[in-house]
Structure formats: structure tokens, C-alpha cells
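Below is one structure, written out as C-alpha cells; the observations come after it.
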Amino acid sequence: MDSTPSPSPPPSSSSAFDLVSRALGRYIPRAGAAAPAGSADAQGDRTTSRRVPDNPGNGRQEQILGAVNLDRDLVITRCNLEAPVFAGLDAGAGRPFVDLLPPGDVPTVTRRLRQVVESGEAHVARIQRLRRGDGSELVVSMSILPAAAPEEGLTVSVIAMARRLHLYAAETAIGTSLDIGETAQSLAESLLAWGDVAAVDLDFAVWTGEGVTGKPQGRIRLRRAALVPDRVWPEGYMTPGDDLPGDASRLLAQAVLREDAPQTIVIPDRQAVERVFGSPRVVRALVPGDRSAGLACIPLVLDGAPPVVLGVAEVWRRADCPFRDSELFDLQELVARTAHHVDLARQHQREHTQVLALQRRLLPRAGGDTIEIASVDQPATPDSAGVGGDWVNSFPLPDGRTALVVGDVVGHGLGAAATMGQLSMEARALLSAGLAPDQVLEHLDETVTLLDDAESGLAAGYSALGSTCCIAIYDPVSHHVTLSSAGHLPPVLVSPDGRAAPLAIRPHPGLGAEFALREPFDVYTIGVPPGSVLALYTDGLVEDPALSIDEGIDRLADVVSRVHPWDALQQTARHVVSALAPAPQRDDVTLLLARMIGYRKGDTATWRLPARGDAPARARAEVSALLRQWRIRDGTRDNALLLVSELVTNAVRFATGPITVRLIRAGHGLLCEVGDTGNGRPRLRRGDLLDDGGRGLSIVHRLTTRWGVRWTDTGKVVWAEVAR
């Protein structure tokens, strides 16, 4: 695995890389002579280096450091690989450096070399194999550095990996990632020092981040997590991502399903492998080629009582090079040292999977007959560091309206995601209970102040305080959107004629502001004719260091103004993000597009009645005539008439002012709404058969599939749905 590239400063500076490049440049011989370390540069260039005799007196036998200079075409200009440990490497001047590489490594290493040439950023300490003239390979630690001024090209340093040095370097490299695939790949690359092919197979529960038990039950299920070198493999051979055949796990089972501790298993040659597995199909799946090869199978074990087996590491080598006891000891030591890194990656995978599952639960639905929804959620980084507090959500409310919610919790990581999930679920529950957007924000504001304080939150990498949220409710009958915002950027509305602009919303502090800064949440009602598109987003989409935030919002308005009513909305959402998201992406990018469709005019009807004793009879007459026009079957019509009568009667009895009756033909049901000016909440209660009243809501409850109450500026609306 590559180390993180470090920037290379200008040649005039005295950085560590510059000093190392100069030192290695002096270390490389010129004019065919091997220059002692620290000697001044000799004259000459592009010459073939002369081998140093293997003389104990010259002090070079223990030398493990070598250096090679390359020009911009990756051709060797000078080298110092004269120590006995590098014997057999043909690194003469004028030869392409890639001639020293195994064929399978050429594309990757070439790309890495050219990247350093073009960017000037070094790659440091990568485990690499170099090919000797006799076909054998030498494992080295290879660093690629820009050549020190005034020279151009590259300086490649190689350190022959003594076994103990290799163990230390491998363990250090394996622990640099929490991605389970990268961790397994790093382990496989390190194991390659002992063989020709290395693979890591993990228990399926480890691969998916699930828990592992100390004693496997039944047959072990393995998935190939890593395989090196990178080359074209025979058909049928297991490569990363493949599940191993059930019989292929038998070798591991022999190591772990036993009373004592798991042990390394060694099979010396192909004939023995075929005898162990018995099946030609399994042999093709496990043996990397047709030639005879031996296998060392080392279980990945966590110490404990009993030990926990995470998987198995496999090292294959030519049968004429059997594993020595000292090599098996080193292999077991390396695997034992790094097993806990695999388990840490497993735990990270489990947490990351849980957070992603939470975010998937919050993803907007596709919409319905009255609204079309599309969304894009693009984290800043693909790993858990990119899991953050940005979210968008949309869901149908029980009364036929649709809620659109966007929010942003300060920070990233699991804490921010958990806070985001809590706020999102609370907003959904309150909206489903009939509260208006401003009332929901008031409750969220109180919740945020209870979640954490600024110091404890920011110390954990996130803070609920200062979170922003915007809630919009779409009414498909009146074709209006009612919205309220707590510190969030204004939505952008695209009218059916293509005009687009951010909504004029007065700025408001985020959630959890100090008491002295708190203000009532404003409520806005905007007309949205059918065909309108509303864009809700988080700041990562419009923030750009080169632009002001207003210019970023104007860019968004310009892009979404080109949305055609016939365009596929999900494809449009992806296009908007690709056009606007900054590169490199500094923050999570979240976008929700909602295209308003609404009900057809003939599917709704509204009546306003005075709060008088004859209101129920008038309502029944109007509704009965409309249901006959809609050709509603008799049973449904009778239930709807009784329902309207009971609701209007309650409104006349317990409220004042005009009464509004609204009937909606929606999907497979009829939605009846009765609004009044009262503010009392109707409650369903158990009544006695001899009671004079109180049975109205019980009748409503039995006639409907669901019913509820929502609050308005002038009172309340009781709604109920009758199945058609």
C-alpha cells in the first residue's frame, strides 16, 4: 500500500526529501566507479556500473541500501546496486527501469513513477519485488523521490528487506488503514516476501463487519479479501470478492475446528494439495497455476479463550523451494502481529455499515402521484470520515401532503450522523402528528440544546448546536408550499416557465442558539403551480473558495433553471451535482429536487359552510352529489356521508366560525377534511352504551383506515381516509 504522498518543496529549500535526494545522488557512482557513501560526485554519466568484488575487507557485505537515478523517460542513468544482496539485478545505465520489475507490477509502478515526475510529490517506503536475471525475486522497500536540483528525473532508493526489518515495516504499513480490503491487501503484499503468490481469505462475518465467535459453528464461509501479485489469473481461480467453494474451507476448518490453538498447515507440493482437496474444481479455485507449488496456510487469530479466528493467510511458492522452519516462524509472527489490525478494520466496517444503513433509511422516497422526488447524497470521502450530518428526506404525510426536509449538523463522523438521525426522526414524527413547520423547528431547537454543549460536541468532532434545518410542506390540492427555516440556505424555486431564483427568506440563527438570540421561526407560503421544481440542498453544493455564497446559489439557480418538465429528475439531480460540486470536494454534497404535480382539478372539491345546525345536512347533500358524479360504489359512499356528517357535527358543536369541508379522490381512497376555528384536540375515548354523546370519534375510527389532526393558523383540520 502506498504511503501518503508528501509535497516536494522547491529545489532551493532544504527539506528532508531534498537532502535525501542529494545524499543519494552522491551515493550513486559515476564514470563506472562505485563511490563510497558520502563521497563527492565523480565525472561521467549514463555508464554501466562495475561490480564490487565480494571482499569481506571492503565493508560492503552488510550494505542493504541502493539507489538508482532515472531520467524523465524512466531510463536508468546511474545506479549503485553493487552490494552482494543486490546480485543478479541487471540495472545498467541505458536500460528501462521497468525491466527490473515483475511483468504484473509494471503498470502500477510505471504509473507511480510518472506521477512523481509530473507532480514532484514523493512516494515513500513501499514494499516492492525486483526481478533477478535467473527469474528469482528480491523484496525491497522502494521510495521514489524527485531528483535533487540541478538534475531532473527521479531518484529511486531501494532497501533490501532483511527479515526482521521486513516484519517491522510490514506491521507498520498494515496498520495505516481502517478499510478492511486495504488492510487485507497490505497483509498480502507483506506476505509476498516469503513466496510467489499470497492471498488473504476472511470469514464472511469479518468481511461484512459482523461479530465473530470464539468457536466457529459448522462449515466456515470464506471470502477472498486480497490477492497479490496483480496479474491475469486462470479461469476458475478465486480473486478478491469471490466466495470460496464450501469444500475449499476444509483446510481452514482443519486448522481451527480443533481443541487446541489454531496451527499453521504446510502442504509441500501439488500432489499433496490434490490429495487434501480431492476435487479438481476446488484445486482450480485455490492453486494459482498449473505448476507444482507448496502452500503455507496461517490462520488469522485473535488471542483469547477460546481464540477467535478471523480468516486465513495463504502463501504459495515453488515446490522446489520448501518452507524452512525459520520462515514459517516469521510468517506466523507477522500474521499474529497484524491480526488485531484486521479486527479493528472489521469493527470500523461494522460501525460504518450501521451509519450507512441509517442514512439509507433517511433517503427520500421516490414520491407519488402528486410529487416526484430525486436526491443525491455525495460524501466528501468514501470512508467513515465522510459520513456526516448532512441529510435530506421526503415522506408523505397521512393527510395527503408531502414533507420535504433538509438539514446539516456541524462536523463529520459517527457522532454527527447519530445527531442527524435523531433530529431527522424527531422532525418526521412531529410532522406526521400534524405540527406546522415552525412548530417542529421550535421542538428541534429545544432538542438540540439538550443533546450537547458546544465544547463537548466540538471536542468529538461535531456539534448539534448550530445545526441548520429547512422544512417545506407541499399541499397538492391548493398547490402551495409552506416552509420554515432555521439558519439554512434558501431553497431555489423553478417555475414552469423556467425562471429560477432563491426564495426570499429572512436569515435566522441555527438550532440551539443562545436564548438572547432566539427569535420566532418565520413561516412562508409560496404558490407552486404544477410543473414547478423546488431544490433543497446543503452548503457543500454551493460553497466555493473562489465565489461568495450568493454567487454559488445563483449558479445553482442557473443550472436548475434548465430542467425541462420532461427530463428524468434523478438524472437531472446527478447532472446538477456534477456541474456544481467543487473539486476537490471539501464538504458533503446533498441535493433534493421535488417536481410538483398536484391533484387534477376534477379530483378535489371544497365547500365553506356557516357553523349552524343545518351544516351537517348541507354537507351531506353536497358530498352525496359529488360521489355520484365520481361513481363511487354505494358502500363507500354511505361510509363517506356518515363520516362527513360526524365531523361537521363535532365542528358545529365544539368550534366557532366558518367550517371548511374538502373531499379528495386519491389513489385507492377518499380523503375527507373538515376544518374549523377551534384549537381543541379531538380525543378518542371509551364510551358507555348509555352515554348521550361522545361516540362521534369512535364512529370515525371504525369507518376509516386512518385519521388525524393538523393545526393551521386559524384553527385545526380533522382528516380521515375511507377506502374505496
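Going through the C-alpha cells in order, the chains are called A, B, and so on, while each chain numbers its residues from 1 and the ligands are numbered from 1 in the order shown.
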
*asked:* Residues within 9 Å of range 666-670 of chain A, please, as a list of chain:residue names. Count only C-alpha atoms; anything in the same chain fewer than 2 positions from it doesn't count.
replied: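 Residues near the query, excluding close chain neighbours: A:Asp369, A:Gly400, A:Tyr599, A:Asp603, A:Thr604, A:Thr636, A:Ala640, A:Leu663, A:Ile664, A:Cys672, A:Ala720, A:Glu721, A:Val722, A:Ala723, A:Arg724.
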
May I have the selected residues written with C-alpha atoms, as a PDB file, in the first residue's frame?
```pdb
ATOM      1  CA  ASP A 369     -48.955  10.650  -7.821  1.00  0.00           C
ATOM      2  CA  GLY A 400     -52.105  13.604   1.586  1.00  0.00           C
ATOM      3  CA  TYR A 599     -54.126  16.641  -7.926  1.00  0.00           C
ATOM      4  CA  ASP A 603     -60.320  15.102  -8.161  1.00  0.00           C
ATOM      5  CA  THR A 604     -60.927  17.674  -5.405  1.00  0.00           C
ATOM      6  CA  THR A 636     -68.056   3.627   0.232  1.00  0.00           C
ATOM      7  CA  ALA A 640     -68.145   8.798   3.499  1.00  0.00           C
ATOM      8  CA  LEU A 663     -63.008  15.973  -0.400  1.00  0.00           C
ATOM      9  CA  ILE A 664     -60.086  14.448  -2.331  1.00  0.00           C
ATOM     10  CA  CYS A 672     -62.242  13.828   3.854  1.00  0.00           C
ATOM     11  CA  ALA A 720     -59.889  10.894   7.665  1.00  0.00           C
ATOM     12  CA  GLU A 721     -59.393   8.374   4.860  1.00  0.00           C
ATOM     13  CA  VAL A 722     -62.017   5.930   3.626  1.00  0.00           C
ATOM     14  CA  ALA A 723     -61.004   3.006   1.449  1.00  0.00           C
ATOM     15  CA  ARG A 724     -62.682   2.873  -1.961  1.00  0.00           C
TER      16      ARG A 724
END
```

*Using backbone DSSP assignments, extract all alpha helix (DSSP H) residues from range 603-689 of chain A; output them as an NGL selection string.*
:A and (615-629 or 634-654)

Could you write those residues out with N, CA and C atoms, as a compact mmCIF listing (two decimals), in the first residue's frame?
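For reference, out-v5.txt as written:
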```txt
# COMPACT_ATOMS: atom_id res chain seq x y z
N ALA A 615 -75.65 22.70 9.01
CA ALA A 615 -74.39 22.46 8.29
C ALA A 615 -74.18 20.99 7.97
N PRO A 616 -74.44 20.04 8.90
CA PRO A 616 -74.23 18.63 8.55
C PRO A 616 -75.09 18.17 7.38
N ALA A 617 -76.37 18.60 7.36
CA ALA A 617 -77.25 18.19 6.26
C ALA A 617 -76.78 18.78 4.94
N ARG A 618 -76.36 20.03 4.92
CA ARG A 618 -75.88 20.64 3.69
C ARG A 618 -74.60 19.94 3.21
N ALA A 619 -73.74 19.60 4.15
CA ALA A 619 -72.50 18.91 3.77
C ALA A 619 -72.80 17.55 3.17
N ARG A 620 -73.77 16.81 3.74
CA ARG A 620 -74.11 15.50 3.20
C ARG A 620 -74.66 15.62 1.78
N ALA A 621 -75.49 16.64 1.55
CA ALA A 621 -76.07 16.81 0.23
C ALA A 621 -75.00 17.10 -0.82
N GLU A 622 -74.07 18.01 -0.50
CA GLU A 622 -73.02 18.37 -1.46
C GLU A 622 -72.11 17.17 -1.74
N VAL A 623 -71.73 16.47 -0.68
CA VAL A 623 -70.81 15.34 -0.84
C VAL A 623 -71.50 14.20 -1.59
N SER A 624 -72.78 13.94 -1.30
CA SER A 624 -73.50 12.86 -1.97
C SER A 624 -73.57 13.09 -3.47
N ALA A 625 -73.85 14.33 -3.89
CA ALA A 625 -73.92 14.63 -5.32
C ALA A 625 -72.57 14.42 -6.00
N LEU A 626 -71.48 14.82 -5.32
CA LEU A 626 -70.15 14.67 -5.92
C LEU A 626 -69.76 13.20 -6.02
N LEU A 627 -70.09 12.40 -5.00
CA LEU A 627 -69.72 10.98 -5.03
C LEU A 627 -70.47 10.23 -6.13
N ARG A 628 -71.72 10.63 -6.40
CA ARG A 628 -72.44 10.02 -7.53
C ARG A 628 -71.75 10.40 -8.84
N GLN A 629 -71.30 11.66 -8.94
CA GLN A 629 -70.60 12.09 -10.15
C GLN A 629 -69.30 11.32 -10.32
N ASP A 634 -71.75 2.20 -3.64
CA ASP A 634 -72.71 2.59 -2.60
C ASP A 634 -72.13 2.45 -1.19
N GLY A 635 -71.45 1.34 -0.90
CA GLY A 635 -70.93 1.15 0.46
C GLY A 635 -69.94 2.23 0.85
N THR A 636 -69.02 2.56 -0.05
CA THR A 636 -68.06 3.63 0.23
C THR A 636 -68.76 4.96 0.38
N ARG A 637 -69.79 5.21 -0.48
CA ARG A 637 -70.50 6.49 -0.40
C ARG A 637 -71.21 6.63 0.95
N ASP A 638 -71.85 5.56 1.42
CA ASP A 638 -72.55 5.62 2.70
C ASP A 638 -71.57 5.91 3.84
N ASN A 639 -70.41 5.23 3.83
CA ASN A 639 -69.41 5.48 4.88
C ASN A 639 -68.90 6.91 4.84
N ALA A 640 -68.65 7.44 3.62
CA ALA A 640 -68.14 8.80 3.50
C ALA A 640 -69.18 9.81 3.99
N LEU A 641 -70.47 9.60 3.67
CA LEU A 641 -71.51 10.53 4.12
C LEU A 641 -71.63 10.53 5.64
N LEU A 642 -71.58 9.34 6.25
CA LEU A 642 -71.64 9.27 7.71
C LEU A 642 -70.42 9.93 8.33
N LEU A 643 -69.26 9.73 7.73
CA LEU A 643 -68.03 10.33 8.24
C LEU A 643 -68.10 11.85 8.19
N VAL A 644 -68.49 12.41 7.05
CA VAL A 644 -68.60 13.86 6.92
C VAL A 644 -69.62 14.41 7.91
N SER A 645 -70.73 13.72 8.06
CA SER A 645 -71.77 14.18 8.99
C SER A 645 -71.24 14.27 10.41
N GLU A 646 -70.52 13.23 10.87
CA GLU A 646 -70.00 13.24 12.24
C GLU A 646 -68.96 14.35 12.43
N LEU A 647 -68.06 14.53 11.46
CA LEU A 647 -67.01 15.54 11.61
C LEU A 647 -67.59 16.95 11.60
N VAL A 648 -68.55 17.21 10.71
CA VAL A 648 -69.15 18.54 10.67
C VAL A 648 -69.97 18.79 11.93
N THR A 649 -70.65 17.78 12.42
CA THR A 649 -71.42 17.93 13.67
C THR A 649 -70.50 18.32 14.82
N ASN A 650 -69.34 17.64 14.94
CA ASN A 650 -68.39 17.98 16.00
C ASN A 650 -67.89 19.40 15.84
N ALA A 651 -67.64 19.83 14.59
CA ALA A 651 -67.14 21.19 14.35
C ALA A 651 -68.17 22.23 14.77
N VAL A 652 -69.44 21.97 14.45
CA VAL A 652 -70.50 22.91 14.85
C VAL A 652 -70.64 22.95 16.36
N ARG A 653 -70.49 21.79 17.00
CA ARG A 653 -70.73 21.70 18.44
C ARG A 653 -69.59 22.30 19.26
N PHE A 654 -68.35 22.11 18.83
CA PHE A 654 -67.22 22.48 19.68
C PHE A 654 -66.40 23.65 19.15
```

*Selected residue, from A:Val206, A:Ala464, A:Leu593, A:Ala374, that lies nearest to Ala416 in chain A when counting only C-alpha atoms*: A:Ala464

*asked:* Using only C-alpha atoms, can you tell me which of A:Gly675, A:Pro240, A:Gly246, A:Pro398 comes closest to Thr714 in chain A?
replied: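 With only C-alpha atoms as the atom set, the closest residue is A:Gly675.
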
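In this comparison, which uses only C-alpha atoms, the residue of A:Val158, A:Ala91, A:Pro107, A:Thr704 approaching Arg132 in chain A most closely is A:Ala91.
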
*To one decimal place, how far is CA of Trp719 in chain A from CA of Ile471 in chain A in Å?*
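Taking CA of Trp719 in chain A and CA of Ile471 in chain A, their separation equals 21.5 Å.
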
*Using only C-alpha atoms, find the one residue out of A:Val481, A:Ala149, A:Val717, A:Ala573 that sits nearest to Ile526 in chain A.*
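Smallest distance to Ile526 in chain A is found for A:Val481.
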
For Arg318 in chain A: contacts at 12 Å, only C-alpha atoms, fewer than 3 positions along chain excluded, given as an mmCIF file with all heavy atoms, in the first residue's frame:
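Written file, out_3.cif:
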```
data_model
loop_
_atom_site.group_PDB
_atom_site.id
_atom_site.type_symbol
_atom_site.label_atom_id
_atom_site.label_comp_id
_atom_site.auth_asym_id
_atom_site.auth_seq_id
_atom_site.Cartn_x
_atom_site.Cartn_y
_atom_site.Cartn_z
ATOM 1 N N SER A 136 14.449 -15.352 -10.158
ATOM 2 C CA SER A 136 14.069 -15.176 -8.762
ATOM 3 C C SER A 136 13.789 -13.695 -8.485
ATOM 4 O O SER A 136 14.060 -12.825 -9.310
ATOM 5 C CB SER A 136 15.174 -15.692 -7.843
ATOM 6 O OG SER A 136 16.367 -14.944 -8.034
ATOM 7 N N TRP A 194 7.758 -13.965 1.284
ATOM 8 C CA TRP A 194 8.070 -15.365 1.566
ATOM 9 C C TRP A 194 7.594 -16.304 0.462
ATOM 10 O O TRP A 194 7.702 -17.515 0.604
ATOM 11 C CB TRP A 194 7.427 -15.792 2.887
ATOM 12 C CG TRP A 194 8.132 -15.263 4.089
ATOM 13 C CD1 TRP A 194 9.138 -15.849 4.784
ATOM 14 C CD2 TRP A 194 7.882 -14.016 4.738
ATOM 15 N NE1 TRP A 194 9.538 -15.066 5.832
ATOM 16 C CE2 TRP A 194 8.769 -13.917 5.837
ATOM 17 C CE3 TRP A 194 7.005 -12.968 4.520
ATOM 18 C CZ2 TRP A 194 8.801 -12.831 6.692
ATOM 19 C CZ3 TRP A 194 7.024 -11.878 5.376
ATOM 20 C CH2 TRP A 194 7.916 -11.818 6.450
ATOM 21 N N GLY A 195 7.024 -15.801 -0.609
ATOM 22 C CA GLY A 195 6.517 -16.694 -1.628
ATOM 23 C C GLY A 195 6.299 -15.985 -2.945
ATOM 24 O O GLY A 195 6.712 -14.839 -3.148
ATOM 25 N N ASP A 196 5.646 -16.690 -3.860
ATOM 26 C CA ASP A 196 5.374 -16.156 -5.191
ATOM 27 C C ASP A 196 3.959 -15.605 -5.306
ATOM 28 O O ASP A 196 3.695 -14.727 -6.124
ATOM 29 C CB ASP A 196 5.573 -17.246 -6.239
ATOM 30 C CG ASP A 196 6.992 -17.805 -6.213
ATOM 31 O OD1 ASP A 196 7.939 -17.000 -6.310
ATOM 32 O OD2 ASP A 196 7.143 -19.031 -6.078
ATOM 33 N N VAL A 197 3.023 -16.130 -4.523
ATOM 34 C CA VAL A 197 1.632 -15.673 -4.512
ATOM 35 C C VAL A 197 1.168 -15.651 -3.061
ATOM 36 O O VAL A 197 1.480 -16.569 -2.292
ATOM 37 C CB VAL A 197 0.716 -16.599 -5.351
ATOM 38 C CG1 VAL A 197 -0.739 -16.152 -5.244
ATOM 39 C CG2 VAL A 197 1.160 -16.621 -6.807
ATOM 40 N N ILE A 267 1.513 -27.673 3.132
ATOM 41 C CA ILE A 267 1.357 -28.744 2.149
ATOM 42 C C ILE A 267 2.495 -28.579 1.149
ATOM 43 O O ILE A 267 2.606 -27.531 0.504
ATOM 44 C CB ILE A 267 -0.009 -28.669 1.455
ATOM 45 C CG1 ILE A 267 -1.136 -28.696 2.496
ATOM 46 C CG2 ILE A 267 -0.184 -29.799 0.463
ATOM 47 C CD1 ILE A 267 -2.513 -28.583 1.911
ATOM 48 N N PRO A 268 3.339 -29.570 0.965
ATOM 49 C CA PRO A 268 4.614 -29.353 0.265
ATOM 50 C C PRO A 268 4.516 -29.215 -1.249
ATOM 51 O O PRO A 268 5.341 -28.529 -1.854
ATOM 52 C CB PRO A 268 5.438 -30.588 0.640
ATOM 53 C CG PRO A 268 4.409 -31.631 0.951
ATOM 54 C CD PRO A 268 3.252 -30.910 1.560
ATOM 55 N N ASP A 269 3.545 -29.873 -1.923
ATOM 56 C CA ASP A 269 3.546 -29.849 -3.384
ATOM 57 C C ASP A 269 2.119 -30.029 -3.898
ATOM 58 O O ASP A 269 1.167 -30.245 -3.140
ATOM 59 C CB ASP A 269 4.467 -30.916 -3.960
ATOM 60 C CG ASP A 269 4.181 -32.296 -3.384
ATOM 61 O OD1 ASP A 269 2.988 -32.619 -3.175
ATOM 62 O OD2 ASP A 269 5.140 -33.038 -3.122
ATOM 63 N N ARG A 270 1.988 -29.956 -5.236
ATOM 64 C CA ARG A 270 0.663 -30.014 -5.847
ATOM 65 C C ARG A 270 -0.012 -31.366 -5.619
ATOM 66 O O ARG A 270 -1.229 -31.430 -5.405
ATOM 67 C CB ARG A 270 0.774 -29.709 -7.340
ATOM 68 C CG ARG A 270 -0.586 -29.604 -8.038
ATOM 69 C CD ARG A 270 -0.436 -29.360 -9.533
ATOM 70 N NE ARG A 270 -1.732 -29.190 -10.166
ATOM 71 C CZ ARG A 270 -2.351 -28.039 -10.317
ATOM 72 N NH1 ARG A 270 -1.780 -26.925 -9.882
ATOM 73 N NH2 ARG A 270 -3.532 -27.972 -10.908
ATOM 74 N N VAL A 287 -5.378 -23.245 -6.341
ATOM 75 C CA VAL A 287 -3.978 -23.315 -6.768
ATOM 76 C C VAL A 287 -3.746 -22.323 -7.899
ATOM 77 O O VAL A 287 -4.396 -22.404 -8.941
ATOM 78 C CB VAL A 287 -3.611 -24.743 -7.211
ATOM 79 C CG1 VAL A 287 -2.151 -24.798 -7.633
ATOM 80 C CG2 VAL A 287 -3.888 -25.735 -6.086
ATOM 81 N N PRO A 288 -2.817 -21.379 -7.731
ATOM 82 C CA PRO A 288 -2.628 -20.310 -8.721
ATOM 83 C C PRO A 288 -1.763 -20.719 -9.910
ATOM 84 O O PRO A 288 -0.687 -20.160 -10.138
ATOM 85 C CB PRO A 288 -1.960 -19.214 -7.901
ATOM 86 C CG PRO A 288 -1.174 -19.938 -6.866
ATOM 87 C CD PRO A 288 -1.977 -21.175 -6.534
ATOM 88 N N GLY A 289 -2.184 -21.710 -10.680
ATOM 89 C CA GLY A 289 -1.418 -22.108 -11.853
ATOM 90 C C GLY A 289 -1.347 -23.611 -11.989
ATOM 91 O O GLY A 289 -1.876 -24.368 -11.159
ATOM 92 N N ASP A 290 -0.654 -24.053 -13.031
ATOM 93 C CA ASP A 290 -0.556 -25.484 -13.315
ATOM 94 C C ASP A 290 0.706 -26.117 -12.757
ATOM 95 O O ASP A 290 0.815 -27.337 -12.691
ATOM 96 C CB ASP A 290 -0.612 -25.714 -14.829
ATOM 97 C CG ASP A 290 -1.941 -25.269 -15.424
ATOM 98 O OD1 ASP A 290 -2.952 -25.345 -14.699
ATOM 99 O OD2 ASP A 290 -1.948 -24.838 -16.595
ATOM 100 N N ARG A 291 1.700 -25.308 -12.410
ATOM 101 C CA ARG A 291 2.955 -25.861 -11.917
ATOM 102 C C ARG A 291 2.806 -26.324 -10.475
ATOM 103 O O ARG A 291 1.938 -25.872 -9.737
ATOM 104 C CB ARG A 291 4.063 -24.825 -12.015
ATOM 105 C CG ARG A 291 4.378 -24.395 -13.448
ATOM 106 C CD ARG A 291 5.535 -23.423 -13.474
ATOM 107 N NE ARG A 291 5.846 -23.004 -14.844
ATOM 108 C CZ ARG A 291 6.814 -22.158 -15.157
ATOM 109 N NH1 ARG A 291 7.580 -21.645 -14.185
ATOM 110 N NH2 ARG A 291 7.029 -21.831 -16.413
ATOM 111 N N SER A 292 3.691 -27.209 -10.095
ATOM 112 C CA SER A 292 3.671 -27.716 -8.735
ATOM 113 C C SER A 292 4.062 -26.609 -7.765
ATOM 114 O O SER A 292 5.007 -25.849 -7.998
ATOM 115 C CB SER A 292 4.626 -28.896 -8.582
ATOM 116 O OG SER A 292 4.557 -29.425 -7.276
ATOM 117 N N ALA A 293 3.303 -26.485 -6.701
ATOM 118 C CA ALA A 293 3.555 -25.426 -5.725
ATOM 119 C C ALA A 293 3.217 -25.931 -4.340
ATOM 120 O O ALA A 293 2.351 -26.789 -4.155
ATOM 121 C CB ALA A 293 2.725 -24.181 -6.060
ATOM 122 N N GLY A 294 3.939 -25.390 -3.342
ATOM 123 C CA GLY A 294 3.668 -25.688 -1.950
ATOM 124 C C GLY A 294 2.883 -24.563 -1.312
ATOM 125 O O GLY A 294 2.873 -23.426 -1.786
ATOM 126 N N LEU A 295 2.229 -24.867 -0.195
ATOM 127 C CA LEU A 295 1.328 -23.914 0.457
ATOM 128 C C LEU A 295 1.596 -23.864 1.947
ATOM 129 O O LEU A 295 1.754 -24.908 2.595
ATOM 130 C CB LEU A 295 -0.129 -24.325 0.212
ATOM 131 C CG LEU A 295 -1.202 -23.637 1.073
ATOM 132 C CD1 LEU A 295 -1.296 -22.156 0.733
ATOM 133 C CD2 LEU A 295 -2.553 -24.325 0.877
ATOM 134 N N ALA A 296 1.658 -22.626 2.468
ATOM 135 C CA ALA A 296 1.629 -22.412 3.918
ATOM 136 C C ALA A 296 0.334 -21.680 4.242
ATOM 137 O O ALA A 296 0.047 -20.628 3.672
ATOM 138 C CB ALA A 296 2.833 -21.590 4.372
ATOM 139 N N VAL A 315 0.227 -18.517 1.579
ATOM 140 C CA VAL A 315 1.444 -18.191 0.845
ATOM 141 C C VAL A 315 1.814 -19.395 -0.009
ATOM 142 O O VAL A 315 2.001 -20.506 0.501
ATOM 143 C CB VAL A 315 2.606 -17.831 1.790
ATOM 144 C CG1 VAL A 315 3.861 -17.515 0.986
ATOM 145 C CG2 VAL A 315 2.236 -16.643 2.673
ATOM 146 N N CYS A 321 11.290 -25.031 -3.626
ATOM 147 C CA CYS A 321 11.769 -24.127 -2.563
ATOM 148 C C CYS A 321 10.909 -24.340 -1.330
ATOM 149 O O CYS A 321 10.032 -23.515 -1.007
ATOM 150 C CB CYS A 321 11.722 -22.674 -3.009
ATOM 151 S SG CYS A 321 12.760 -22.275 -4.415
ATOM 152 N N PRO A 322 11.065 -25.435 -0.624
ATOM 153 C CA PRO A 322 10.194 -25.715 0.525
ATOM 154 C C PRO A 322 10.385 -24.682 1.637
ATOM 155 O O PRO A 322 11.419 -24.035 1.748
ATOM 156 C CB PRO A 322 10.648 -27.112 0.968
ATOM 157 C CG PRO A 322 12.054 -27.226 0.474
ATOM 158 C CD PRO A 322 12.106 -26.467 -0.816
ATOM 159 N N PHE A 323 9.313 -24.522 2.456
ATOM 160 C CA PHE A 323 9.354 -23.581 3.567
ATOM 161 C C PHE A 323 10.262 -24.126 4.662
ATOM 162 O O PHE A 323 10.149 -25.279 5.084
ATOM 163 C CB PHE A 323 7.950 -23.366 4.141
ATOM 164 C CG PHE A 323 7.022 -22.620 3.221
ATOM 165 C CD1 PHE A 323 6.134 -23.306 2.403
ATOM 166 C CD2 PHE A 323 7.028 -21.234 3.175
ATOM 167 C CE1 PHE A 323 5.271 -22.627 1.559
ATOM 168 C CE2 PHE A 323 6.166 -20.548 2.336
ATOM 169 C CZ PHE A 323 5.292 -21.232 1.527
#
```

_Nearby residues (only C-alpha atoms) at most 8 Å from Asp230 in chain A, same-chain spacing under 3 positions excluded, as an MDAnalysis selection string_ = chainID A and resid 104:105 227

_Between CA of Glu235 in chain A and CA of Arg275 in chain A, what is the distance in Å, rounded to a tenth?_
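CA of Arg275 in chain A lies at a distance of 21.4 Å from CA of Glu235 in chain A.
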
*Might you pull out every residue within 10 Å of Ser375 in chain A, with only C-alpha atoms counted and same-chain residues fewer than 6 positions away left off, and present them as an NGL selection string?*
:A and (363-366 or 392-394 or 535-537 or 569-574 or 577 or 590-594)

Could you save the residues just selected, with C-alpha atoms, as a PDB file, in the first residue's frame?
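Saved to result-v4.pdb:
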```pdb
ATOM      1  CA  LEU A 363     -33.089   8.785   1.866  1.00  0.00           C
ATOM      2  CA  PRO A 364     -36.120  10.412   0.227  1.00  0.00           C
ATOM      3  CA  ARG A 365     -38.786   8.248  -1.283  1.00  0.00           C
ATOM      4  CA  ALA A 366     -39.439   8.411  -4.993  1.00  0.00           C
ATOM      5  CA  VAL A 392     -32.401  15.336   3.003  1.00  0.00           C
ATOM      6  CA  ASN A 393     -35.658  13.498   3.450  1.00  0.00           C
ATOM      7  CA  SER A 394     -39.119  13.434   1.972  1.00  0.00           C
ATOM      8  CA  ALA A 535     -34.375  22.496  -4.915  1.00  0.00           C
ATOM      9  CA  LEU A 536     -33.279  21.872  -1.316  1.00  0.00           C
ATOM     10  CA  TYR A 537     -29.542  21.476  -0.667  1.00  0.00           C
ATOM     11  CA  LEU A 569     -35.476  14.072 -12.363  1.00  0.00           C
ATOM     12  CA  GLN A 570     -32.887  11.672 -10.895  1.00  0.00           C
ATOM     13  CA  GLN A 571     -30.609  12.102 -13.888  1.00  0.00           C
ATOM     14  CA  THR A 572     -31.072  15.857 -13.606  1.00  0.00           C
ATOM     15  CA  ALA A 573     -30.098  15.811  -9.928  1.00  0.00           C
ATOM     16  CA  ARG A 574     -26.851  13.982 -10.729  1.00  0.00           C
ATOM     17  CA  VAL A 577     -24.222  17.960  -8.602  1.00  0.00           C
ATOM     18  CA  THR A 590     -26.588  16.894  -0.668  1.00  0.00           C
ATOM     19  CA  LEU A 591     -29.367  17.849  -3.069  1.00  0.00           C
ATOM     20  CA  LEU A 592     -33.097  17.160  -3.248  1.00  0.00           C
ATOM     21  CA  LEU A 593     -35.224  18.072  -6.255  1.00  0.00           C
ATOM     22  CA  ALA A 594     -39.026  17.974  -5.959  1.00  0.00           C
TER      23      ALA A 594
END
```

*Find, counting only C-alpha atoms, the residue in A:Leu138, A:Ala486, A:Ile298, A:Ala568 that gets nearest to Glu372 in chain A.*
A:Ala568
